[in-house]
file run-v7.txt (compact mmCIF, C-alpha atoms and all ligand atoms)
# COMPACT_ATOMS: atom_id res chain seq x y z
CA MET E 15 0.00 0.00 0.00
CA LYS E 16 1.28 3.44 -0.94
CA ARG E 17 -0.42 5.25 1.94
CA THR E 18 -3.30 5.07 4.40
CA ILE E 19 -6.03 7.67 4.40
CA LEU E 20 -8.36 7.91 7.36
CA ILE E 21 -11.81 9.07 6.25
CA THR E 22 -14.11 9.90 9.16
CA GLY E 23 -17.89 9.82 8.78
CA GLY E 24 -17.59 7.54 5.76
CA ALA E 25 -20.88 5.76 6.48
CA GLY E 26 -22.80 9.03 6.16
CA PHE E 27 -24.16 10.73 3.06
CA ILE E 28 -21.17 12.62 1.63
CA GLY E 29 -18.62 10.39 3.34
CA SER E 30 -19.93 7.28 1.57
CA HIS E 31 -19.46 8.94 -1.82
CA VAL E 32 -15.93 10.03 -0.88
CA VAL E 33 -15.03 6.54 0.40
CA ARG E 34 -16.41 4.90 -2.76
CA LEU E 35 -14.51 7.31 -5.03
CA PHE E 36 -11.19 6.84 -3.19
CA VAL E 37 -11.48 3.04 -2.82
CA ARG E 38 -12.18 2.63 -6.53
CA LYS E 39 -9.86 5.29 -7.91
CA TYR E 40 -6.84 4.55 -5.71
CA PRO E 41 -6.42 0.77 -5.34
CA ASP E 42 -2.93 1.36 -3.91
CA TYR E 43 -4.24 3.51 -1.04
CA ARG E 44 -5.62 1.86 2.07
CA ILE E 45 -8.87 3.62 2.94
CA VAL E 46 -9.89 3.38 6.59
CA ASN E 47 -13.44 4.48 7.28
CA LEU E 48 -13.91 5.51 10.91
CA ASP E 49 -17.53 6.03 11.85
CA LYS E 50 -19.52 5.90 15.07
CA LEU E 51 -22.66 4.78 13.19
CA THR E 52 -25.00 7.30 14.74
CA TYR E 53 -28.53 7.40 13.34
CA ALA E 54 -26.93 9.04 10.22
CA GLY E 55 -24.34 6.33 9.63
CA ASN E 56 -25.47 3.51 7.36
CA LEU E 57 -23.06 0.83 6.18
CA GLU E 58 -25.59 -0.21 3.56
CA ASN E 59 -24.45 2.93 1.70
CA LEU E 60 -21.15 1.13 1.06
CA ARG E 61 -22.34 -2.36 0.16
CA ASP E 62 -20.79 -2.19 -3.32
CA ILE E 63 -17.24 -1.59 -2.05
CA GLU E 64 -17.20 -3.22 1.39
CA CYS E 65 -15.27 -6.28 0.17
CA GLU E 66 -12.57 -4.36 -1.69
CA PRO E 67 -9.08 -5.30 -0.42
CA ASN E 68 -8.04 -1.66 0.14
CA TYR E 69 -11.06 -0.85 2.35
CA ARG E 70 -11.33 -1.16 6.14
CA PHE E 71 -14.17 -0.17 8.44
CA GLU E 72 -13.58 0.83 12.06
CA ARG E 73 -16.47 1.67 14.33
CA GLY E 74 -15.49 4.41 16.75
CA ASP E 75 -16.16 7.86 18.10
CA VAL E 76 -13.95 10.76 16.97
CA CYS E 77 -14.22 12.14 20.51
CA ASP E 78 -12.42 9.05 21.84
CA PHE E 79 -8.84 10.39 21.86
CA GLU E 80 -7.21 7.09 22.88
CA ARG E 81 -8.98 5.30 20.05
CA MET E 82 -7.89 7.96 17.55
CA ARG E 83 -4.27 7.65 18.73
CA SER E 84 -4.34 3.90 18.34
CA LEU E 85 -5.81 4.16 14.83
CA PHE E 86 -3.00 6.43 13.68
CA ARG E 87 -0.45 3.95 15.03
CA ALA E 88 -2.20 0.80 13.81
CA TYR E 89 -2.60 2.01 10.25
CA ASP E 90 0.29 4.48 9.92
CA VAL E 91 -2.17 7.15 8.78
CA THR E 92 -0.63 9.83 6.55
CA GLY E 93 -3.76 11.66 5.44
CA VAL E 94 -7.08 12.51 7.07
CA ILE E 95 -10.32 13.55 5.40
CA HIS E 96 -12.56 14.54 8.28
CA LEU E 97 -16.28 14.44 7.54
CA ALA E 98 -17.67 12.94 10.76
CA ALA E 99 -20.09 15.41 12.29
CA GLU E 100 -23.60 16.01 13.45
CA SER E 101 -24.98 17.62 10.32
CA HIS E 102 -28.65 18.54 10.68
CA VAL E 103 -29.57 22.12 11.62
CA ASP E 104 -32.98 21.24 13.11
CA ARG E 105 -31.40 18.67 15.44
CA SER E 106 -28.80 21.24 16.53
CA ILE E 107 -31.58 23.60 17.60
CA ARG E 108 -33.01 20.85 19.84
CA ASP E 109 -29.71 19.41 21.11
CA PRO E 110 -26.73 21.78 20.82
CA PHE E 111 -24.53 19.82 23.28
CA THR E 112 -24.18 16.85 20.95
CA PHE E 113 -23.09 19.19 18.17
CA ALA E 114 -20.44 20.86 20.33
CA ARG E 115 -19.20 17.46 21.48
CA THR E 116 -18.82 15.78 18.12
CA ASN E 117 -18.09 18.73 15.86
CA VAL E 118 -15.77 20.68 18.16
CA MET E 119 -14.29 18.21 20.65
CA GLY E 120 -14.22 15.39 18.09
CA THR E 121 -12.30 17.52 15.62
CA LEU E 122 -9.91 18.54 18.36
CA ALA E 123 -9.31 14.93 19.43
CA LEU E 124 -8.51 14.00 15.85
CA LEU E 125 -6.18 16.99 15.42
CA GLU E 126 -4.32 16.09 18.61
CA ALA E 127 -3.96 12.45 17.57
CA ALA E 128 -2.55 13.57 14.20
CA ARG E 129 -0.18 16.06 15.81
CA GLU E 130 1.14 13.47 18.23
CA TYR E 131 1.58 10.73 15.62
CA TRP E 132 3.08 12.93 12.90
CA ASP E 133 5.28 14.58 15.53
CA GLY E 134 6.45 17.52 13.42
CA LYS E 135 7.32 15.37 10.39
CA TRP E 136 4.84 17.07 8.11
CA GLU E 137 6.18 15.98 4.71
CA GLY E 138 3.51 13.97 2.85
CA ARG E 139 0.95 14.52 5.63
CA LEU E 140 -2.41 16.31 5.35
CA PHE E 141 -5.35 16.96 7.66
CA TYR E 142 -8.29 17.93 5.44
CA HIS E 143 -11.39 19.22 7.24
CA ILE E 144 -14.75 19.24 5.47
CA SER E 145 -16.91 22.20 6.40
CA THR E 146 -19.94 24.13 5.32
CA ASP E 147 -20.93 27.46 3.78
CA GLU E 148 -23.23 28.00 6.79
CA VAL E 149 -20.27 29.33 8.82
CA TYR E 150 -20.46 32.54 6.78
CA GLY E 151 -23.97 33.31 8.00
CA ALA E 152 -26.76 34.52 5.73
CA LEU E 153 -26.79 36.78 2.68
CA ALA E 154 -29.40 39.40 1.88
CA LEU E 155 -32.22 38.21 -0.32
CA THR E 156 -33.52 40.57 -2.98
CA ASP E 157 -37.09 40.40 -4.14
CA PRO E 158 -37.22 37.83 -6.93
CA ALA E 159 -40.34 39.55 -8.31
CA GLY E 160 -38.01 42.30 -9.56
CA GLY E 161 -36.19 39.79 -11.80
CA PRO E 162 -32.49 38.89 -11.58
CA GLN E 163 -30.66 41.32 -9.30
CA GLY E 164 -26.92 41.75 -9.26
CA ARG E 165 -24.63 38.78 -9.87
CA GLY E 166 -26.90 36.04 -8.54
CA PRO E 167 -30.56 35.45 -9.28
CA TYR E 168 -31.43 36.28 -5.67
CA GLY E 169 -28.83 38.81 -4.63
CA GLU E 170 -25.61 40.68 -5.19
CA GLU E 171 -23.35 39.14 -2.54
CA PHE E 172 -21.63 35.74 -2.48
CA PHE E 173 -19.66 33.93 0.23
CA THR E 174 -15.96 34.20 -0.56
CA GLU E 175 -13.06 32.60 1.34
CA ARG E 176 -12.17 36.00 2.82
CA MET E 177 -15.60 36.52 4.37
CA ARG E 178 -15.90 37.02 8.11
CA TYR E 179 -17.44 34.05 9.94
CA ASP E 180 -20.96 34.80 11.21
CA PRO E 181 -22.67 31.50 12.12
CA HIS E 182 -26.26 31.58 13.39
CA SER E 183 -27.36 28.04 14.25
CA PRO E 184 -25.76 25.79 16.89
CA TYR E 185 -24.75 23.54 13.96
CA SER E 186 -22.94 26.29 12.07
CA ALA E 187 -21.44 27.67 15.30
CA SER E 188 -19.95 24.24 16.02
CA LYS E 189 -18.60 23.88 12.48
CA ALA E 190 -17.13 27.41 12.64
CA SER E 191 -15.39 26.53 15.88
CA SER E 192 -13.92 23.36 14.39
CA ASP E 193 -12.71 25.29 11.32
CA HIS E 194 -10.87 27.71 13.62
CA PHE E 195 -9.21 24.84 15.49
CA VAL E 196 -8.03 23.29 12.23
CA ARG E 197 -6.51 26.60 11.09
CA ALA E 198 -4.99 27.12 14.54
CA TYR E 199 -3.12 23.80 14.18
CA HIS E 200 -1.66 25.04 10.93
CA ASP E 201 -0.70 28.45 12.28
CA THR E 202 0.55 27.25 15.69
CA TYR E 203 2.22 23.91 14.99
CA GLY E 204 2.78 24.12 11.23
CA MET E 205 0.55 21.09 10.63
CA PRO E 206 -0.49 20.86 6.95
CA THR E 207 -4.24 21.42 7.16
CA LEU E 208 -6.91 22.42 4.69
CA VAL E 209 -10.51 23.53 5.10
CA THR E 210 -13.23 23.51 2.46
CA ASN E 211 -16.64 25.09 2.83
CA CYS E 212 -19.29 23.58 0.61
CA SER E 213 -22.87 24.46 -0.24
CA ASN E 214 -25.94 22.17 0.15
CA ASN E 215 -25.38 18.69 -1.25
CA TYR E 216 -28.03 16.43 -2.74
CA GLY E 217 -28.03 12.98 -4.33
CA PRO E 218 -28.29 9.27 -3.40
CA TYR E 219 -27.87 7.99 0.19
CA GLN E 220 -28.89 11.22 1.96
CA PHE E 221 -30.68 10.69 5.26
CA PRO E 222 -34.38 11.53 4.80
CA GLU E 223 -34.42 14.30 7.39
CA LYS E 224 -32.93 16.70 4.81
CA LEU E 225 -35.22 18.58 2.43
CA ILE E 226 -34.72 16.70 -0.84
CA PRO E 227 -34.87 13.01 0.23
CA LEU E 228 -37.56 13.76 2.84
CA PHE E 229 -39.79 15.39 0.27
CA ILE E 230 -39.17 12.75 -2.43
CA ASN E 231 -40.20 10.08 0.06
CA ASN E 232 -43.24 12.03 1.24
CA ILE E 233 -44.43 12.64 -2.33
CA ARG E 234 -43.94 8.93 -3.05
CA LYS E 235 -46.04 8.08 0.01
CA CYS E 236 -48.59 10.92 -0.48
CA ARG E 237 -47.65 12.53 2.84
CA PRO E 238 -47.63 16.29 3.64
CA LEU E 239 -44.58 18.35 2.59
CA PRO E 240 -43.73 20.68 5.51
CA VAL E 241 -42.35 23.87 3.93
CA TYR E 242 -40.81 26.15 6.55
CA GLY E 243 -42.11 29.74 6.55
CA ARG E 244 -43.04 30.89 3.05
CA GLY E 245 -40.54 28.65 1.28
CA GLU E 246 -38.61 31.65 0.02
CA ASN E 247 -35.26 30.87 1.62
CA VAL E 248 -32.54 30.29 -0.94
CA ARG E 249 -29.94 27.51 -0.91
CA ASP E 250 -27.10 26.81 -3.34
CA TRP E 251 -27.17 23.14 -4.41
CA LEU E 252 -24.40 20.81 -5.55
CA TYR E 253 -24.64 17.17 -6.65
CA VAL E 254 -22.84 15.04 -4.04
CA GLU E 255 -20.55 13.30 -6.57
CA ASP E 256 -19.32 16.71 -7.72
CA HIS E 257 -18.45 17.48 -4.10
CA ALA E 258 -16.61 14.15 -3.79
CA ARG E 259 -14.63 14.95 -6.96
CA ALA E 260 -13.73 18.37 -5.56
CA ILE E 261 -12.50 16.71 -2.34
CA ASP E 262 -10.30 14.37 -4.41
CA VAL E 263 -8.79 17.28 -6.37
CA ILE E 264 -8.22 19.38 -3.26
CA PHE E 265 -6.82 16.50 -1.19
CA HIS E 266 -4.20 15.86 -3.89
CA ARG E 267 -3.47 19.33 -5.22
CA GLY E 268 -4.77 21.89 -2.72
CA ARG E 269 -2.29 24.10 -0.86
CA ALA E 270 -1.93 23.45 2.87
CA GLY E 271 -3.07 26.35 5.02
CA GLU E 272 -5.67 27.37 2.42
CA THR E 273 -9.44 27.46 2.39
CA TYR E 274 -11.47 26.64 -0.71
CA ASN E 275 -15.17 27.25 -1.21
CA ILE E 276 -17.02 24.55 -3.13
CA GLY E 277 -20.29 25.28 -4.94
CA GLY E 278 -21.95 25.22 -8.30
CA PHE E 279 -23.47 28.74 -8.64
CA ASN E 280 -26.88 27.10 -8.38
CA GLU E 281 -29.28 29.06 -6.20
CA TRP E 282 -32.85 27.88 -5.73
CA ARG E 283 -35.75 29.00 -3.56
CA ASN E 284 -37.04 26.09 -1.45
CA ILE E 285 -40.55 26.34 -2.85
CA ASP E 286 -39.28 26.08 -6.43
CA ILE E 287 -37.37 22.92 -5.51
CA VAL E 288 -40.49 21.49 -3.90
CA ARG E 289 -42.48 22.14 -7.11
CA LEU E 290 -39.72 20.59 -9.23
CA LEU E 291 -39.67 17.50 -6.99
CA ILE E 292 -43.46 17.15 -7.19
CA ARG E 293 -43.41 17.38 -11.01
CA THR E 294 -40.55 14.90 -11.29
CA VAL E 295 -41.85 12.28 -8.84
CA ASP E 296 -45.40 12.45 -10.20
CA ARG E 297 -44.15 12.07 -13.79
CA MET E 298 -41.94 9.10 -12.91
CA LEU E 299 -44.76 7.40 -11.00
CA GLY E 300 -47.17 7.98 -13.89
CA ARG E 301 -49.45 10.25 -11.86
CA PRO E 302 -51.36 13.09 -13.58
CA GLU E 303 -49.64 16.49 -13.54
CA GLY E 304 -50.41 18.40 -10.34
CA ALA E 305 -51.57 15.27 -8.50
CA SER E 306 -49.35 15.98 -5.48
CA ASP E 307 -49.58 19.80 -5.40
CA GLY E 308 -51.98 19.62 -2.48
CA LEU E 309 -49.33 17.98 -0.29
CA ILE E 310 -47.53 21.33 0.14
CA THR E 311 -48.09 22.41 3.74
CA TYR E 312 -46.67 25.69 5.04
CA VAL E 313 -45.49 25.23 8.64
CA ALA E 314 -43.81 27.39 11.29
CA ASP E 315 -40.42 28.69 10.20
CA ARG E 316 -37.14 27.20 11.46
CA LYS E 317 -35.73 29.31 14.32
CA GLY E 318 -33.00 31.63 13.04
CA HIS E 319 -33.60 30.39 9.48
CA ASP E 320 -30.82 31.79 7.28
CA LEU E 321 -32.32 33.59 4.30
CA ARG E 322 -29.86 32.97 1.50
CA TYR E 323 -26.65 31.03 0.88
CA ALA E 324 -24.62 31.53 -2.29
CA ILE E 325 -21.07 30.26 -2.69
CA ASP E 326 -18.38 31.87 -4.81
CA SER E 327 -16.18 28.91 -5.83
CA ARG E 328 -14.09 30.75 -8.42
CA LYS E 329 -10.85 30.25 -6.45
CA LEU E 330 -11.23 26.46 -6.69
CA GLN E 331 -12.19 26.65 -10.36
CA ARG E 332 -9.30 29.02 -11.19
CA GLU E 333 -6.53 27.38 -9.14
CA LEU E 334 -7.39 23.68 -9.40
CA GLY E 335 -9.61 23.52 -12.48
CA TRP E 336 -12.56 21.81 -10.74
CA GLU E 337 -16.02 22.40 -12.17
CA PRO E 338 -19.43 20.96 -11.33
CA SER E 339 -20.48 18.41 -13.94
CA LEU E 340 -24.26 18.34 -13.57
CA GLN E 341 -27.01 20.87 -14.19
CA PHE E 342 -29.48 20.92 -11.29
CA GLU E 343 -32.47 19.65 -13.30
CA GLU E 344 -30.38 16.69 -14.50
CA GLY E 345 -29.11 16.04 -10.97
CA ILE E 346 -32.65 16.10 -9.59
CA GLU E 347 -33.80 13.73 -12.33
CA ARG E 348 -31.02 11.27 -11.36
CA THR E 349 -31.67 11.73 -7.65
CA VAL E 350 -35.41 11.17 -7.83
CA ARG E 351 -34.90 8.12 -10.04
CA TRP E 352 -32.37 6.71 -7.55
CA TYR E 353 -34.73 7.10 -4.56
CA LEU E 354 -37.66 5.62 -6.48
CA GLU E 355 -35.57 2.67 -7.68
CA ASN E 356 -34.13 2.17 -4.19
CA GLY E 357 -37.37 2.26 -2.23
CA GLU E 358 -36.06 -0.58 -0.09
CA TRP E 359 -33.06 1.51 1.03
CA MET E 360 -35.45 4.29 2.02
CA ASP E 361 -37.85 1.92 3.79
CA ARG E 362 -35.00 0.33 5.77
CA VAL E 363 -33.77 3.78 6.82
CA THR E 364 -37.18 5.04 7.85
CA SER E 365 -38.00 1.82 9.74
CA GLY E 366 -34.59 1.71 11.45
CA ALA E 367 -33.81 -1.74 10.00
CA TYR E 368 -30.54 -0.47 8.48
CA ALA E 369 -28.94 -0.44 11.93
CA ASP E 370 -28.85 -4.27 11.99
CA TYR E 371 -26.60 -4.40 8.95
CA TYR E 372 -23.52 -3.59 11.03
CA LYS E 373 -24.05 -6.62 13.28
CA THR E 374 -24.63 -8.86 10.27
CA MET E 375 -21.46 -7.71 8.56
CA TYR E 376 -19.10 -7.15 11.47
CA GLY E 377 -20.52 -9.27 14.29
CA ALA E 378 -19.89 -7.97 17.77
CA ARG E 379 -16.81 -5.90 16.81
P1 LIG E 401 -24.27 12.82 7.67
O1 LIG E 401 -25.03 13.26 8.87
O2 LIG E 401 -25.00 12.15 6.56
O3 LIG E 401 -23.08 11.82 8.11
C1 LIG E 401 -22.29 12.06 9.23
C2 LIG E 401 -21.53 10.78 9.54
O4 LIG E 401 -20.69 11.04 10.67
C3 LIG E 401 -22.43 9.60 9.91
O5 LIG E 401 -21.99 8.44 9.25
C4 LIG E 401 -22.26 9.47 11.41
O6 LIG E 401 -22.42 8.14 11.89
C5 LIG E 401 -20.83 9.96 11.60
N1 LIG E 401 -20.60 10.47 12.96
C6 LIG E 401 -21.38 11.34 13.65
N2 LIG E 401 -20.85 11.55 14.88
C7 LIG E 401 -19.70 10.83 14.94
C8 LIG E 401 -18.70 10.65 15.94
N3 LIG E 401 -18.80 11.25 17.13
N4 LIG E 401 -17.65 9.85 15.66
C9 LIG E 401 -17.55 9.22 14.45
N5 LIG E 401 -18.47 9.33 13.48
C10 LIG E 401 -19.54 10.13 13.72
O7 LIG E 401 -23.50 14.11 7.18
P2 LIG E 401 -23.17 14.62 5.70
O8 LIG E 401 -24.32 15.38 5.20
O9 LIG E 401 -22.61 13.50 4.91
O10 LIG E 401 -22.00 15.65 6.03
C11 LIG E 401 -20.65 15.21 6.15
C12 LIG E 401 -19.77 16.40 6.45
O11 LIG E 401 -19.91 17.38 5.43
C13 LIG E 401 -20.14 17.12 7.76
O12 LIG E 401 -18.93 17.51 8.37
C14 LIG E 401 -20.93 18.32 7.31
O13 LIG E 401 -20.80 19.38 8.21
C15 LIG E 401 -20.28 18.63 5.98
N6 LIG E 401 -21.13 19.29 4.97
C16 LIG E 401 -22.36 18.76 4.65
C17 LIG E 401 -23.12 19.37 3.64
C18 LIG E 401 -24.45 18.81 3.22
O14 LIG E 401 -25.15 19.45 2.43
N7 LIG E 401 -24.86 17.64 3.68
C19 LIG E 401 -22.63 20.50 2.99
C20 LIG E 401 -21.38 21.01 3.37
C21 LIG E 401 -20.63 20.39 4.35
O1 LIG E 402 -25.32 24.65 3.31
C1 LIG E 402 -24.73 23.46 3.68
C2 LIG E 402 -25.58 22.75 4.71
O2 LIG E 402 -26.72 22.24 4.01
C3 LIG E 402 -24.85 21.63 5.41
O3 LIG E 402 -23.77 22.16 6.14
C4 LIG E 402 -25.80 20.88 6.37
O4 LIG E 402 -25.12 19.79 6.95
C5 LIG E 402 -26.97 20.38 5.56
O5 LIG E 402 -27.90 19.76 6.42
C6 LIG E 402 -27.64 21.53 4.80
O6 LIG E 402 -28.30 22.43 5.72
P1 LIG E 402 -29.76 23.04 5.42
O7 LIG E 402 -30.38 23.41 6.69
O8 LIG E 402 -29.67 24.07 4.36
O9 LIG E 402 -30.47 21.72 4.76
P2 LIG E 402 -31.94 21.13 4.95
O10 LIG E 402 -32.09 20.06 3.92
O11 LIG E 402 -32.24 20.79 6.36
O12 LIG E 402 -32.88 22.34 4.54
C7 LIG E 402 -32.81 22.97 3.27
C8 LIG E 402 -33.80 24.11 3.25
O13 LIG E 402 -35.14 23.56 3.27
C9 LIG E 402 -33.70 25.02 4.44
O14 LIG E 402 -33.95 26.36 4.03
C10 LIG E 402 -34.81 24.54 5.37
C11 LIG E 402 -35.87 24.04 4.41
N1 LIG E 402 -36.67 22.91 4.91
C12 LIG E 402 -36.03 21.80 5.38
C13 LIG E 402 -36.73 20.72 5.86
C14 LIG E 402 -36.01 19.51 6.41
C15 LIG E 402 -38.06 22.95 4.86
O15 LIG E 402 -38.66 23.94 4.40
N2 LIG E 402 -38.77 21.88 5.33
C16 LIG E 402 -38.16 20.76 5.84
O16 LIG E 402 -38.87 19.81 6.28

call {"tool": "encode", "arguments": {"input": "run-v7.txt", "output": "structure tokens"}}
result
Amino acid sequence: MKRTILITGGAGFIGSHVVRLFVRKYPDYRIVNLDKLTYAGNLENLRDIECEPNYRFERGDVCDFERMRSLFRAYDVTGVIHLAAESHVDRSIRDPFTFARTNVMGTLALLEAAREYWDGKWEGRLFYHISTDEVYGALALTDPAGGPQGRGPYGEEFFTERMRYDPHSPYSASKASSDHFVRAYHDTYGMPTLVTNCSNNYGPYQFPEKLIPLFINNIRKCRPLPVYGRGENVRDWLYVEDHARAIDVIFHRGRAGETYNIGGFNEWRNIDIVRLLIRTVDRMLGRPEGASDGLITYVADRKGHDLRYAIDSRKLQRELGWEPSLQFEEGIERTVRWYLENGEWMDRVTSGAYADYYKTMYGAR
């Protein structure tokens, strides 16, 4: 094996795509997937690669410092791609402690384990931290009735890498804190670290608490679609495999100490996504047009709901030549088809049955 890369959170949504890409593309790397298997971790996401000779799964908690130390030693880890986190904003509003624990203390435990094991020998080492555009706060939203305004369809301003951090939710506050720790390890100890801040991801294997898979499943099952507030909040969407490709490019060619924003210049109002999902699911299920329109249900707004996110990813495009490959409508078409063709995956996630898969595959370990 040429090197061992520790990928944390690899049983989650984005992590599973990153693990799959690295296992397949780099047969001479050993890929160790460390995941606690919280409600969001699902080893069924990795069924197609779990028997590959360059793949290992380790169940563990990033907050467990002794365990992290022993993993570095056992596998001679030279690179880390850190995705493990609590990731859902609504959960963070109900339970901020868990977010501080995993996202802040877990990141710190991993940084310390890396610092101790690498012991100042930084050549060929990299600690790559995956973060979110939510750390930048919210952008102003211009009235879409007035037509395109400024550079984006919904506003003039974009998040750039030089933007001041201004997180609003407990989730984004915890991610902001972890980003600062990662940069502090670079500035204080000289550890080669990198941070990327990405926009909203969508695609296969996303836990159905997030807008797109939740709504696809609800349309499929003719259940209400709870739109927060007036549905006018804007998010910037990126197909998950494009994010995974960006992570690959940045892991191999990004400059240590740098931050890169990742996004596809693809802003959508929530309500327009909901309408697109309804049209797409209904068409694929052979229902008459408009059959599911009545499922839209406006509910109380999310507390502190950020109005608009829009990522400026020109630095990544200019310096490393990465570009998103999919138009949103095409990505949604693929995504809806995947969830409809993989109804069993969705049913096992919503019933909780997926949790047994770990025991079946790995016994009592
Ligand atoms: P996810 O919730 O689907 O997966 C998170 C994974 O981390 C799960 O497998 C879970 O079991 C694991 N995990 C949680 N706590 C852990 C702990 N204490 N120890 C070890 N493993 C633990 O999340 P996701 O949407 O795939 O996001 C992955 C990363 O990308 C997160 O850091 C998130 O902040 C970031 N991110 C997500 C998005 C997005 O749109 N989903 C966008 C930008 C950045
Ligand atoms: O921007 C990147 C972030 O995107 C990631 O860092 C987070 O991990 C990820 O969860 C995501 O955060 P959001 O809060 O933007 O995603 P979510 O899918 O929860 O919500 C998208 C939008 O849809 C948001 O404006 C809230 C709204 N929404 C969401 C749900 C779940 C609804 O209107 N109704 C819903 O039921």

call {"tool": "residues_around", "arguments": {"input": "run-v7.txt", "residues": "E:Ala88", "least_positions_apart": "5", "cutoff": "12 Å", "atoms": "only C-alpha atoms", "output": "mmCIF file with C-alpha atoms, in the coordinates of the input"}}
result
data_model
loop_
_atom_site.group_PDB
_atom_site.id
_atom_site.type_symbol
_atom_site.label_atom_id
_atom_site.label_comp_id
_atom_site.auth_asym_id
_atom_site.auth_seq_id
_atom_site.Cartn_x
_atom_site.Cartn_y
_atom_site.Cartn_z
ATOM 1 C CA THR E 18 -3.300 5.070 4.400
ATOM 2 C CA LEU E 20 -8.360 7.910 7.360
ATOM 3 C CA VAL E 46 -9.890 3.380 6.590
ATOM 4 C CA GLU E 72 -13.580 0.830 12.060
ATOM 5 C CA ARG E 81 -8.980 5.300 20.050
ATOM 6 C CA MET E 82 -7.890 7.960 17.550
ATOM 7 C CA ARG E 83 -4.270 7.650 18.730
ATOM 8 C CA TYR E 131 1.580 10.730 15.620
#

call {"tool": "residues_near_ligand", "arguments": {"input": "run-v7.txt", "ligand": "ligand LIG 402 (chain E)", "cutoff": "9 Å", "atoms": "all atoms listed in the file", "output": "ChimeraX atom specification"}}
result
/E:99-104,145-149,185-186,189,211-216,222-229,239-251,283-285,288,312-313,315-316,319-324

call {"tool": "residues_around", "arguments": {"input": "run-v7.txt", "residues": "stretch 50-56 of chain E", "least_positions_apart": "3", "cutoff": "9 Å", "atoms": "only C-alpha atoms", "output": "short mmCIF file (atom, residue, chain, number, x, y, z; two decimals) with C-alpha atoms, in the frame of the given file"}}
result
data_model
loop_
_atom_site.label_atom_id
_atom_site.label_comp_id
_atom_site.auth_asym_id
_atom_site.auth_seq_id
_atom_site.Cartn_x
_atom_site.Cartn_y
_atom_site.Cartn_z
CA THR E 22 -14.11 9.90 9.16
CA GLY E 23 -17.89 9.82 8.78
CA GLY E 24 -17.59 7.54 5.76
CA ALA E 25 -20.88 5.76 6.48
CA GLY E 26 -22.80 9.03 6.16
CA PHE E 27 -24.16 10.73 3.06
CA SER E 30 -19.93 7.28 1.57
CA ASN E 59 -24.45 2.93 1.70
CA LEU E 60 -21.15 1.13 1.06
CA GLU E 72 -13.58 0.83 12.06
CA ARG E 73 -16.47 1.67 14.33
CA GLY E 74 -15.49 4.41 16.75
CA ASP E 75 -16.16 7.86 18.10
CA VAL E 76 -13.95 10.76 16.97
CA ALA E 98 -17.67 12.94 10.76
CA GLU E 100 -23.60 16.01 13.45
CA SER E 101 -24.98 17.62 10.32
CA TYR E 219 -27.87 7.99 0.19
CA GLN E 220 -28.89 11.22 1.96
CA PHE E 221 -30.68 10.69 5.26
CA VAL E 363 -33.77 3.78 6.82
CA GLY E 366 -34.59 1.71 11.45
CA TYR E 368 -30.54 -0.47 8.48
CA ALA E 369 -28.94 -0.44 11.93
CA TYR E 371 -26.60 -4.40 8.95
CA TYR E 372 -23.52 -3.59 11.03
#

call {"tool": "closest_residue", "arguments": {"input": "run-v7.txt", "among": "E:Ala154, E:Leu124, E:Leu290, E:Met205", "to": "E:Glu347", "atoms": "all atoms listed in the file"}}
result
E:Leu290

call {"tool": "closest_residue", "arguments": {"input": "run-v7.txt", "among": "E:Gly335, E:Pro184, E:Asp307, E:Ile325", "to": "E:Asp109", "atoms": "all atoms listed in the file"}}
result
E:Pro184

call {"tool": "residues_around", "arguments": {"input": "run-v7.txt", "residues": "E:Thr116", "least_positions_apart": "2", "cutoff": "7 Å", "atoms": "only C-alpha atoms", "output": "list in words"}}
result
Cys77, Ala99, Glu100, Thr112, Phe113, Ala114, Val118, Met119 and Gly120 of chain E

call {"tool": "closest_residue", "arguments": {"input": "run-v7.txt", "among": "E:Arg105, E:Arg362, E:Arg351, E:Lys16", "to": "E:Ile230", "atoms": "all atoms listed in the file"}}
result
E:Arg351
